[in-house]
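Peer 1: Sending over a structure as structure tokens; questions will come in a sec.
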There are 2 protein chains.
Amino acid sequence: MTLLDLQKKLKKAKYDGFLISRNNLFLEQDIRDDENIIQQLTDFTGSAGTILITEDKNYLFVDGRYELQAPAQTQKHAIEVICTTHISIQNWLQQHMSGKKIGYNPWCWSITEIAHFSTLKMIADADFVPTMLSSETPTIYAYDLAYCGQSREEKVVSFAQYIKDQGFDAFFISSADSISWLLNLRSDALSNTPVFRAMALIDTHCHVWIFSVPHKNKDEKINLPFLSLDDLPDRFKKFRKKTIGADYSNTSSAIYTLAEEYHIQLINKPDILQQQKAIKNICELKNIRTAHLYDGIALCKFLYWLDNNWQGKTELDIVEKLHEFRTKQPHFVSESFATIAAAGSNGAIVHYAPSSKTNKKLEANTLLLLDSGAQYLEGTTDITRTIPLGVIPPQMCEDYTLVLKSHIALSKTVFPQNTTGARLDAIARQPLWQEGKNYNHGTGHGVGCFLNVHEGPQYISASCSLPFSSRQITSIEPGYYLENQYGIRIENLVEICPAQYKGFLKFKNLTLVPIDLRAINKYLLSAEEISWLNTYHQEVFATISPHLTSPEKEWLKTACAPL
Amino acid sequence: MTLLDLQKKLKKAKYDGFLISRNNLFLEQDIRDDENIIQQLTDFTGSAGTILITEDKNYLFVDGRYELQAPAQTQKHAIEVICTTHISIQNWLQQHMSGKKIGYNPWCWSITEIAHFSTLKMIADADFVPTMLSSETPTIYAYDLAYCGQSREEKVVSFAQYIKDQGFDAFFISSADSISWLLNLRSDALSNTPVFRAMALIDTHCHVWIFSVPHKNKDEKINLPFLSLDDLPDRFKKFRKKTIGADYSNTSSAIYTLAEEYHIQLINKPDILQQQKAIKNICELKNIRTAHLYDGIALCKFLYWLDNNWQGKTELDIVEKLHEFRTKQPHFVSESFATIAAAGSNGAIVHYAPSSKTNKKLEANTLLLLDSGAQYLEGTTDITRTIPLGVIPPQMCEDYTLVLKSHIALSKTVFPQNTTGARLDAIARQPLWQEGKNYNHGTGHGVGCFLNVHEGPQYISASCSLPFSSRQITSIEPGYYLENQYGIRIENLVEICPAQYKGFLKFKNLTLVPIDLRAINKYLLSAEEISWLNTYHQEVFATISPHLTSPEKEWLKTACAPL
């Protein structure tokens, strides 16, 4: 299938345009490479994007993270890239496609998304562009109680009570990670995310119907009524004229139509499992710390190796070597996303991931931006370090120090309960703003427990009006990027916990890897900032050093030396 | 008219409750004392509040600023005070008055407010509680071009074009300050705000119909078609079946009904004059600086006097003396609000204003919180200083220094264009949050030019999602309050202007009065904060000292000495 094929088909089908989402029917989830229709059609590898096919021209809509990457990866004559930082898809379509017939696959767009297009002439068509689902058969397995800390039964009983309290007869869950969490199930369907991809209907009597693709069942313990996606209409039929709750923002437009067909009242209600899942239990928090210990050991061993071996290596060598160190850790399952090893100017491409086409050699006097993470049975990690190779110019040191100041500003902040992500975001940016600098991405995202590395509902960004609360996990990852020159990002994961003052919260570090001291301009740091850094490095050394060899330990001592 | 009278009337009229707004028909404007129905019924003097009369009980709803003041001023047996920080009026009514008949005067509530109550049984009744309008005849006058910098004709032509562009036949403006600004008119109807209270209808042909109470016209230059409020129906009749724009948030519910009556399509559109007015022109900005020079001189002379004379004085003496110094300045018209001179524990009542009942003597080793402002023909001022009397305890110094750190944190911040008030607010609070402290009011409000001292649309507070832009004016006024002990607030007005970096903004000080050094714990300030303070005091001394007597100048030198 090529853009040209689709354009020809478009003419026949008498559409003026067809809107193609990167999502398959498990909306807003990670996808497999063989399911990535955007990449197949355009070569663009970013993790978000939308294509509009029209008879004479094709468009790729990407967000600010991919403003530089998308035009570099795609062919100018075949596709025009439009950045949604400057104009939303909705507004663009309003301006250019008003009154025109635009087709879309209703399984790949949420009810909310389609509602946003309500002033346009949108036509549901599930066949024009197929729902991209891999033909491989995944294996599913139970996530042990020792890891998840709460039984499936307990979670389902509590959710059924919630459904009852809302006055619904049932709730339809489309979020694969909500279902994975609720049922304590995982699968190998995706290479970096152990999520079990399914939809589920739960009623007030604790009945659970699970709709998924065919899969192997690794575990005899799993005794659940698995149905096929084709069974959806039959099951909905049995709820004829009843009331079902569903989160419109991640329930596909096709489900809405199905509910209408059976006169089911489908009521929009945020998926409460997302909120429950975001607040980790004591068992999960303990395990997550273990995952970060494993990851810290792997990273420190890797960084020691890197210091002695970077010359002559390429980005892909780095990816491979880091993977090697991680695989040696207990309970390592996979990376949590494709490792970003970005040398020199590649670092300025915010969500760059090296490929054979772009693979760059590491060079002296430049920065290596390394953003990676792993899935351990105990939890999910995500860490970015920016490493100076050789001696770097003063301007790089200054920018690196500004990013560090931003990282510390948010890390050490104390804030009232219910402070929104938008307000925390401003606190992180303040040191960069002060010098007229900024970064074109959010400051932090939630992280799952052996689930998605990007997990909602709360996040730290200008647009987040959700409040933060205790026992959530978030990344803190300010950055600075100079096009064609270099990129800097410093990212830790932190746990939110009560501060010493009543009604106030603070962050507690989870990530245990030194922040490179060699790129710091010490004179730009305040005494408080230096003290934060020294305390952090003390903790890193105390926790990680017992697990290292002698030379590695020596290296870590220097890397964690007080400033 | 008493609460008891109204309760009796309620029973006869068969209402379950009647909701009484503090507003008269010039919604969300300052009111005269003889128009203050809330005060007349309950003795509560705060600047915002709502009464609910029911057959057996009365309720006064106030916001966080008045949580302490309202119960102190009102009689417990007659009225129960409910703070809207903990529950909104809307939710309270939902819980307690669902299904009950609640009356309201449609002239005193905006369309938006009434829409919020849509799930309740609300009954419009313009006669039950009268619209409180003073019987005195105000005098109106033209605001000279030398002060306002743009002619009435120019403003009206531009607004008429805007109405046309929106596809409306006319626009109905309810905001008295929008009308005062648009028509360059002022009046003496209110004692502290020179606003001309009127409503106006403007059509695409630059016709302006002004609806107001009878007034004297001081100025022959004013040649405008003034109509009575009773002429509203007749004028609306002439726009039968036409389209009129109106800002629902400040247009009264009665106007909505009037439009319906004549089949006028009344379309909700934010009052753009509010936005235009908030962005000051070059002439206004120049004049406003002059107003701040006058006010700085008056304040410095007063503070010199205070240092030598505070012993034995009361809060009301302070109010009187400060007034005396201000009246000596050129073009002084009035205070811009009732001066808050709060001694010792009175300072913890956020919006306290002294009265003969509460008047307190100034005592050694306490703080005097002094929040005041003035209307000069050149502009409106608003300033708070907290002054240590004698030697104050270390804890007061510490809290004072924290508030100062908050003040400086926001004052010196550089931020991207379009940063919202909510995000700026978090930056101000950060130093207080760090110590588990906070304040229960916003951080800043817009200020008019010889108009309202509190002016929208932008403001600095957790709930403000409006962006800031160049040439706006805002207060910066963090505080800290310890119930029954003391209150601290440090407030300057600032102008927003471009920073040295493209796309970034910063604040430029307008207020020119020393910040009391004697309450500072210097060891809590960073080098950067000390430098900000010293630079500020240099500017104060350089600008104000030439206008002082020798002893005053000596005093100012010490008050502005580098830290």
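Residues are named by chain letter and number: chains run A, B, ... in the order of the structure tokens, numbers start at 1 in each chain, and ligands are numbered from 1 in the order shown.
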Using only C-alpha atoms, which residues sit within 7 Å of range 214-226 of chain A once same-chain residues fewer than 4 positions away are excluded, as a PDB file with N, CA and C atoms, in the first residue's frame?
Peer 2:
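Saved as out03.pdb:
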ATOM      1  N   THR A 137       0.540 -13.808  16.583  1.00  0.00           N
ATOM      2  CA  THR A 137      -0.272 -14.167  17.746  1.00  0.00           C
ATOM      3  C   THR A 137       0.510 -13.887  19.035  1.00  0.00           C
ATOM      4  N   PRO A 138       0.063 -12.934  19.813  1.00  0.00           N
ATOM      5  CA  PRO A 138       0.799 -12.630  21.041  1.00  0.00           C
ATOM      6  C   PRO A 138       0.535 -13.657  22.147  1.00  0.00           C
ATOM      7  N   THR A 139       1.425 -13.684  23.108  1.00  0.00           N
ATOM      8  CA  THR A 139       1.252 -14.543  24.279  1.00  0.00           C
ATOM      9  C   THR A 139       0.884 -13.674  25.465  1.00  0.00           C
ATOM     10  N   ILE A 140      -0.134 -14.072  26.202  1.00  0.00           N
ATOM     11  CA  ILE A 140      -0.471 -13.284  27.383  1.00  0.00           C
ATOM     12  C   ILE A 140      -0.103 -14.060  28.647  1.00  0.00           C
ATOM     13  N   TYR A 141       0.130 -13.320  29.727  1.00  0.00           N
ATOM     14  CA  TYR A 141       0.516 -13.958  30.994  1.00  0.00           C
ATOM     15  C   TYR A 141       0.023 -13.124  32.172  1.00  0.00           C
ATOM     16  N   ALA A 142      -0.096 -13.781  33.318  1.00  0.00           N
ATOM     17  CA  ALA A 142      -0.559 -13.085  34.520  1.00  0.00           C
ATOM     18  C   ALA A 142       0.587 -12.261  35.108  1.00  0.00           C
ATOM     19  N   TRP A 209     -16.200  -9.171  30.254  1.00  0.00           N
ATOM     20  CA  TRP A 209     -16.053  -9.751  28.913  1.00  0.00           C
ATOM     21  C   TRP A 209     -14.877  -9.066  28.234  1.00  0.00           C
ATOM     22  N   ILE A 210     -13.932  -9.876  27.788  1.00  0.00           N
ATOM     23  CA  ILE A 210     -12.698  -9.328  27.230  1.00  0.00           C
ATOM     24  C   ILE A 210     -12.683  -9.563  25.724  1.00  0.00           C
TER      25      ILE A 210
END
Peer 1: Chain A near chain B within 8 Å: what's each residue's closest atom pair and its distance in Å to one decimal, counting only C-alpha atoms, ordered by chain then ascending residue number, as a Markdown table?
Peer 2:
| residue | atom | partner | partner_atom | distance |
| --- | --- | --- | --- | --- |
| A:Thr413 | CA | B:Gln434 | CA | 6.3 |
| A:Val414 | CA | B:Gln434 | CA | 5.0 |
| A:Phe415 | CA | B:Trp433 | CA | 5.6 |
| A:Pro416 | CA | B:Trp433 | CA | 7.1 |
| A:Ala422 | CA | B:Arg423 | CA | 6.6 |
| A:Arg423 | CA | B:Arg423 | CA | 4.8 |
| A:Leu424 | CA | B:Ala426 | CA | 7.4 |
| A:Asp425 | CA | B:Arg423 | CA | 7.9 |
| A:Ala426 | CA | B:Arg423 | CA | 5.5 |
| A:Ile427 | CA | B:Ile427 | CA | 5.9 |
| A:Gln430 | CA | B:Thr413 | CA | 7.3 |
| A:Trp433 | CA | B:Phe415 | CA | 5.6 |
| A:Gln434 | CA | B:Val414 | CA | 5.0 |
| A:Glu435 | CA | B:Tyr501 | CA | 7.7 |
| A:Gly436 | CA | B:Tyr501 | CA | 5.2 |
| A:Gln500 | CA | B:Gly436 | CA | 7.9 |
| A:Tyr501 | CA | B:Gly436 | CA | 5.2 |
| A:Lys502 | CA | B:Gly436 | CA | 7.5 |
| A:Phe504 | CA | B:Gly436 | CA | 6.5 |
Peer 1: Tell me which of B:Val403, B:Ile272, B:Asn250, B:Gly46 sits closest to Ile340 in chain B, counting only C-alpha atoms.
Peer 2: B:Gly46
Peer 1: Fewer than 6 positions away in the same chain doesn't count, so skip those; otherwise give me all residues within 12 Å of His86 in chain B, counting only C-alpha atoms, as a ChimeraX atom specification.
Peer 2: /B:61-64,67,92,440
Peer 1: Identify, on the basis of only C-alpha atoms, every residue whose closest approach to Ile496 in chain A does not exceed 7 Å; exclude the query and any residue fewer than 2 positions from it along the same chain; express the result as a PyMOL selection string.
Peer 2: chain A and resi 469-473+494+505-508
Peer 1: Could you pull the residues within 9 Å of Asn534 in chain B, counting only C-alpha atoms, minus those fewer than 6 positions along the same chain, as a list in words?
Peer 2: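 Residues near the query, excluding close chain neighbours: Cys560, Ala561, Pro562 and Leu563 of chain B.
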Peer 1: Export N, CA and C atoms of the chosen residues as a compact mmCIF listing (two decimals), in the first residue's frame?
Peer 2:
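Generated file (part-v3.txt):
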# COMPACT_ATOMS: atom_id res chain seq x y z
N CYS B 560 16.64 53.61 51.55
CA CYS B 560 17.04 53.04 50.25
C CYS B 560 18.49 52.57 50.25
N ALA B 561 19.11 52.50 51.43
CA ALA B 561 20.52 52.12 51.50
C ALA B 561 20.72 50.70 50.95
N PRO B 562 21.83 50.48 50.23
CA PRO B 562 22.05 49.13 49.70
C PRO B 562 22.21 48.11 50.84
N LEU B 563 21.66 46.95 50.62
CA LEU B 563 21.69 45.88 51.64
C LEU B 563 23.01 45.13 51.55
Peer 1: From a DSSP calculation on the backbone, collect every residue of range 384-485 of chain A in helix (DSSP H, G or I) and output the set as a PDB file with C-alpha atoms, in the first residue's frame.
Peer 2:
ATOM      1  CA  PRO A 394      31.654  27.165  27.256  1.00  0.00           C
ATOM      2  CA  GLN A 395      28.298  27.875  25.556  1.00  0.00           C
ATOM      3  CA  MET A 396      27.339  24.186  25.757  1.00  0.00           C
ATOM      4  CA  CYS A 397      28.335  24.145  29.434  1.00  0.00           C
ATOM      5  CA  GLU A 398      26.208  27.208  30.068  1.00  0.00           C
ATOM      6  CA  ASP A 399      23.153  25.706  28.379  1.00  0.00           C
ATOM      7  CA  TYR A 400      23.719  22.373  30.107  1.00  0.00           C
ATOM      8  CA  THR A 401      23.861  24.175  33.447  1.00  0.00           C
ATOM      9  CA  LEU A 402      20.655  26.074  32.665  1.00  0.00           C
ATOM     10  CA  VAL A 403      18.858  22.801  31.920  1.00  0.00           C
ATOM     11  CA  LEU A 404      20.250  21.388  35.163  1.00  0.00           C
ATOM     12  CA  LYS A 405      18.994  24.469  37.035  1.00  0.00           C
ATOM     13  CA  SER A 406      15.547  23.857  35.528  1.00  0.00           C
ATOM     14  CA  HIS A 407      15.723  20.205  36.519  1.00  0.00           C
ATOM     15  CA  ILE A 408      16.683  21.104  40.090  1.00  0.00           C
ATOM     16  CA  ALA A 409      14.128  23.944  40.318  1.00  0.00           C
ATOM     17  CA  LEU A 410      11.272  21.496  39.809  1.00  0.00           C
ATOM     18  CA  SER A 411      12.882  18.544  41.628  1.00  0.00           C
ATOM     19  CA  GLY A 421       0.766  20.282  35.898  1.00  0.00           C
ATOM     20  CA  ALA A 422       0.642  23.657  34.109  1.00  0.00           C
ATOM     21  CA  ARG A 423       1.830  25.460  37.238  1.00  0.00           C
ATOM     22  CA  LEU A 424       4.616  22.955  37.978  1.00  0.00           C
ATOM     23  CA  ASP A 425       5.717  23.292  34.366  1.00  0.00           C
ATOM     24  CA  ALA A 426       6.263  27.056  34.774  1.00  0.00           C
ATOM     25  CA  ILE A 427       8.472  26.456  37.822  1.00  0.00           C
ATOM     26  CA  ALA A 428      10.709  24.133  35.795  1.00  0.00           C
ATOM     27  CA  ARG A 429      11.071  26.565  32.899  1.00  0.00           C
ATOM     28  CA  GLN A 430      11.841  29.635  34.977  1.00  0.00           C
ATOM     29  CA  PRO A 431      15.670  29.357  34.949  1.00  0.00           C
ATOM     30  CA  LEU A 432      15.694  28.894  31.153  1.00  0.00           C
ATOM     31  CA  TRP A 433      13.127  31.658  30.574  1.00  0.00           C
TER      32      TRP A 433
END
Peer 1: Hey, can you check how far CA of Ala338 in chain A sits from CA of Ala353 in chain A?
Peer 2: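 Computing the Euclidean distance for CA of Ala338 in chain A and CA of Ala353 in chain A yields 6.8 Å.
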Peer 1: For a quick check of understanding, using only C-alpha atoms, which of A:Ile163, A:Leu466, A:Leu377, A:Leu517 has the smallest distance to Arg289 in chain A?
Peer 2: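 With only C-alpha atoms as the atom set, the closest residue is A:Leu377.
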Peer 1: Taking the DSSP secondary structure from the backbone, can you list the residues of range 185-343 of chain B that are strand (DSSP E or B), as a PyMOL selection string?
Peer 2: chain B and resi 185-187+198-203+208-212+216-217+226-228+243-246+252+265-268+314+332-335+340-343
Peer 1: Could you name the residues that touch Asn192 in chain A at 7 Å or less, counting only C-alpha atoms, but leaving out those on the same chain fewer than 4 positions away, as a list in words?
Peer 2: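 Result of the neighbour search: Ser334, Glu335, Ser336 and Phe337 of chain A.
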Peer 1: So which residues touch Leu182 in chain A within 12 Å, counting only C-alpha atoms, skipping near sequence neighbours fewer than 4 positions away, as a PyMOL selection string?
Peer 2: chain A and resi 142-143+148-160+173+175-178+186+195-196+198-202+206+208+210+271-277
Peer 1: Taking C-alpha atoms for each residue, export the selection above as a tab-separated table (two decimals), in the first residue's frame.
Peer 2:
chain	number	residue	atom	x	y	z
A	142	ALA	CA	-0.56	-13.09	34.52
A	143	TYR	CA	1.25	-10.26	36.33
A	148	CYS	CA	1.13	-5.68	41.36
A	149	GLY	CA	0.11	-5.84	45.04
A	150	GLN	CA	-3.64	-6.09	44.53
A	151	SER	CA	-5.65	-9.01	43.20
A	152	ARG	CA	-7.75	-8.95	40.07
A	153	GLU	CA	-10.83	-9.87	42.12
A	154	GLU	CA	-10.35	-6.96	44.50
A	155	LYS	CA	-9.90	-4.50	41.64
A	156	VAL	CA	-12.93	-5.79	39.74
A	157	VAL	CA	-15.19	-5.75	42.81
A	158	SER	CA	-14.22	-2.16	43.53
A	159	PHE	CA	-14.76	-1.15	39.88
A	160	ALA	CA	-18.17	-2.88	39.73
A	173	ILE	CA	-13.05	0.13	28.76
A	175	SER	CA	-7.66	1.59	27.20
A	176	ALA	CA	-5.44	-1.46	26.97
A	177	ASP	CA	-3.37	-0.29	29.92
A	178	SER	CA	-6.48	0.15	32.10
A	186	ARG	CA	0.43	-8.57	30.43
A	195	VAL	CA	0.45	-4.14	27.75
A	196	PHE	CA	-2.33	-6.65	27.00
A	198	ALA	CA	-7.93	-5.65	24.55
A	199	MET	CA	-11.23	-3.93	25.16
A	200	ALA	CA	-13.50	-4.98	27.99
A	201	LEU	CA	-17.05	-4.67	29.19
A	202	ILE	CA	-17.58	-4.92	32.95
A	206	CYS	CA	-18.38	-8.22	38.35
A	208	VAL	CA	-15.92	-9.14	32.68
A	210	ILE	CA	-12.70	-9.33	27.23
A	271	ASP	CA	-11.95	6.15	32.73
A	272	ILE	CA	-11.40	6.09	36.49
A	273	LEU	CA	-8.99	3.15	36.18
A	274	GLN	CA	-6.53	5.58	34.60
A	275	GLN	CA	-6.61	7.67	37.77
A	276	GLN	CA	-6.45	4.66	40.06
A	277	LYS	CA	-3.58	3.13	38.11
Peer 1: Between CA of Tyr147 in chain B and CA of Leu451 in chain B, measure the distance and give it in Å to one decimal.
Peer 2: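 Spanning CA of Tyr147 in chain B to CA of Leu451 in chain B is a straight-line distance of 12.0 Å.
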Peer 1: By how many Å are CA of Arg235 in chain B and CA of Ile179 in chain B apart?
Peer 2: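 Separation between CA of Arg235 in chain B and CA of Ile179 in chain B: 17.6 Å.
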